[in-house]
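Structure data follow from model_36.txt (compact mmCIF, C-alpha atoms):
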```txt
# COMPACT_ATOMS: atom_id res chain seq x y z
CA MET A 1159 20.73 33.87 -37.18
CA LEU A 1160 18.93 35.54 -34.30
CA ILE A 1161 20.22 32.97 -31.81
CA LEU A 1162 23.80 33.51 -32.99
CA LYS A 1163 23.39 37.27 -32.62
CA ILE A 1164 22.06 36.89 -29.07
CA ILE A 1165 24.93 34.56 -28.13
CA LEU A 1166 27.48 37.01 -29.55
CA LEU A 1167 25.87 39.90 -27.66
CA VAL A 1168 26.06 37.95 -24.39
CA ILE A 1169 29.71 37.10 -25.08
CA LEU A 1170 30.38 40.78 -25.84
CA VAL A 1171 28.83 41.97 -22.57
CA ILE A 1172 30.64 39.37 -20.47
CA THR A 1173 34.01 40.00 -22.10
CA SER A 1174 33.54 43.77 -21.80
CA LEU A 1175 33.02 43.47 -18.06
CA LEU A 1176 35.93 41.04 -17.66
CA LEU A 1177 38.23 43.22 -19.75
CA THR A 1178 37.41 46.26 -17.62
CA LEU A 1179 38.12 44.27 -14.45
CA PHE A 1180 41.39 42.81 -15.73
CA ILE A 1181 42.67 46.17 -16.93
CA LEU A 1182 41.93 47.71 -13.54
CA LEU A 1183 43.78 44.87 -11.81
CA HIS A 1184 47.00 45.55 -13.69
CA LYS A 1185 49.78 47.21 -11.80
CA GLY A 1186 50.02 50.85 -12.64
CA ARG A 1187 52.70 53.39 -11.87
CA GLY A 1188 51.00 54.37 -8.64
CA GLY A 1189 49.72 50.96 -7.61
CA GLY A 1190 46.02 51.31 -8.41
CA LEU A 1191 43.38 48.71 -7.71
CA SER A 1192 45.86 45.86 -7.93
CA ASP A 1193 47.30 46.94 -4.57
CA MET A 1194 43.87 46.73 -2.97
CA PHE A 1195 43.57 43.05 -3.90
CA GLY A 1196 47.00 41.99 -2.73
CA GLY A 1197 49.11 43.30 -5.60
CA GLY A 1198 51.29 45.21 -3.17
CA VAL A 1199 52.96 41.99 -2.05
CA THR A 1200 54.00 41.04 -5.57
CA SER A 1201 55.05 44.59 -6.42
CA SER A 1202 57.90 44.38 -3.93
CA LEU A 1203 59.04 41.15 -5.56
CA GLY A 1204 59.10 42.64 -9.05
CA SER A 1205 56.65 43.06 -11.87
CA SER A 1206 57.69 39.87 -13.63
CA GLY A 1207 55.87 37.62 -11.19
CA VAL A 1208 53.82 34.67 -12.27
CA ALA A 1209 50.56 36.34 -11.28
CA GLU A 1210 51.32 39.43 -13.35
CA ARG A 1211 52.27 37.36 -16.40
CA ASN A 1212 49.12 35.25 -16.05
CA LEU A 1213 47.04 38.40 -15.74
CA ASN A 1214 48.65 39.71 -18.94
CA ARG A 1215 47.87 36.48 -20.79
CA ILE A 1216 44.27 36.38 -19.58
CA THR A 1217 43.77 40.02 -20.55
CA ILE A 1218 45.10 39.37 -24.06
CA VAL A 1219 42.88 36.31 -24.55
CA VAL A 1220 39.77 38.12 -23.32
CA SER A 1221 40.55 41.12 -25.54
CA LEU A 1222 40.92 38.84 -28.60
CA ILE A 1223 37.56 37.21 -27.85
CA TRP A 1224 36.04 40.68 -27.38
CA GLY A 1225 37.40 41.87 -30.73
CA ALA A 1226 36.30 38.72 -32.55
CA SER A 1227 32.76 39.06 -31.21
CA ILE A 1228 32.61 42.67 -32.41
CA VAL A 1229 33.80 41.66 -35.88
CA ALA A 1230 31.30 38.77 -36.00
CA LEU A 1231 28.44 41.06 -34.95
CA GLY A 1232 29.47 43.54 -37.64
CA LEU A 1233 29.51 40.83 -40.29
CA ILE A 1234 26.09 39.60 -39.20
CA ALA A 1235 24.71 43.13 -39.37
CA ARG A 1236 26.27 43.70 -42.78
CA PHE A 1237 25.14 40.50 -44.45
CA SER A 1238 21.79 39.94 -42.77
CA VAL A 1239 18.87 39.59 -45.19
CA VAL A 1240 16.36 41.44 -43.01
```
Just give me the structure of the file as structure tokens.
Amino acid sequence: MLILKIILLVILVITSLLLTLFILLHKGRGGGLSDMFGGGVTSSLGSSGVAERNLNRITIVVSLIWGASIVALGLIARFSVV
């Protein structure tokens, strides 16, 4: 059970960092960090570009993994025998 808890904690840390990065890369009203990494080129073409849609999908998948790891850690903490 300890190994599973450590694996889930590592997944939680990695997905937390990735989720923060992906949210900052999204196009905001004023541009934001996405313009610094080349988002300004796609913003003139429209917000429905392939890169923006892929970024949305990746962000959703990472957030689902993040949420599932939190739920799993909570269940382990609730039903642990120690």
Problem set entry | 10 Å contact set for Ile1169 of chain A, all atoms listed in the file, chain neighbours under 6 positions out, as JSON, numbers by chain | {"A": [1163, 1223, 1224, 1227, 1228]}
Exercise. Between atom CA of Ile1165 of chain A and atom CA of Leu1183 of chain A, what is the distance, to one decimal in Å?
Worked result: 27.0 Å
Exercise. Looking at A:Leu1176, A:Ile1181, A:Leu1213, A:Met1159, which one is nearest to Phe1237 of chain A, with distances taken over all atoms listed in the file?
Worked result: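 Comparing A:Leu1176, A:Ile1181, A:Leu1213, A:Met1159 against Phe1237 of chain A, the winner is A:Met1159.
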Exercise. Could you work out how far atom CA of Glu1210 of chain A lies from atom CA of Thr1178 of chain A, giving the answer in Å with one decimal?
Worked result: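 Between atom CA of Thr1178 of chain A and atom CA of Glu1210 of chain A the gap works out to 16.1 Å.
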For this session: State, in Å with one decimal place, the distance from atom CA of Phe1180 of chain A to atom CA of Leu1233 of chain A.
Result: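 We find that atom CA of Phe1180 of chain A and atom CA of Leu1233 of chain A lie 27.4 Å from each other.
The shortest atom-to-atom distance to Ser1174 of chain A, with all atoms listed in the file taken into account, belongs to A:Gly1225 out of A:Gly1225, A:Gly1186, A:Leu1160, A:Val1239.
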Problem set entry | Nearest residue to His1184 of chain A from the set A:Ala1209, A:Val1219, A:Ala1230, A:Ile1172 (distances using all atoms listed in the file) |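 For His1184 of chain A, the nearest of the given residues is A:Ala1209.
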Exercise. From the set A:Val1220, A:Asn1214, A:Arg1236, A:Ala1226, which residue has the shortest atom-to-atom contact distance to Leu1167 of chain A, counting all atoms listed in the file?
Worked result: A:Ala1226
Problem set entry | Shortest interatomic distance to Val1229 of chain A - which of A:Leu1170, A:Ile1161, A:Val1208, A:Leu1182, counting all atoms listed in the file | A:Leu1170
Where is the centre and how long are the edges: axis-aligned box on segment 1208-1215 of chain A, 6 Å on each side, Å to one decimal, as AutoDock Vina command-line options:
```
--center_x 50.4 --center_y 37.2 --center_z -16.0 --size_x 18.8 --size_y 17.0 --size_z 21.5
```
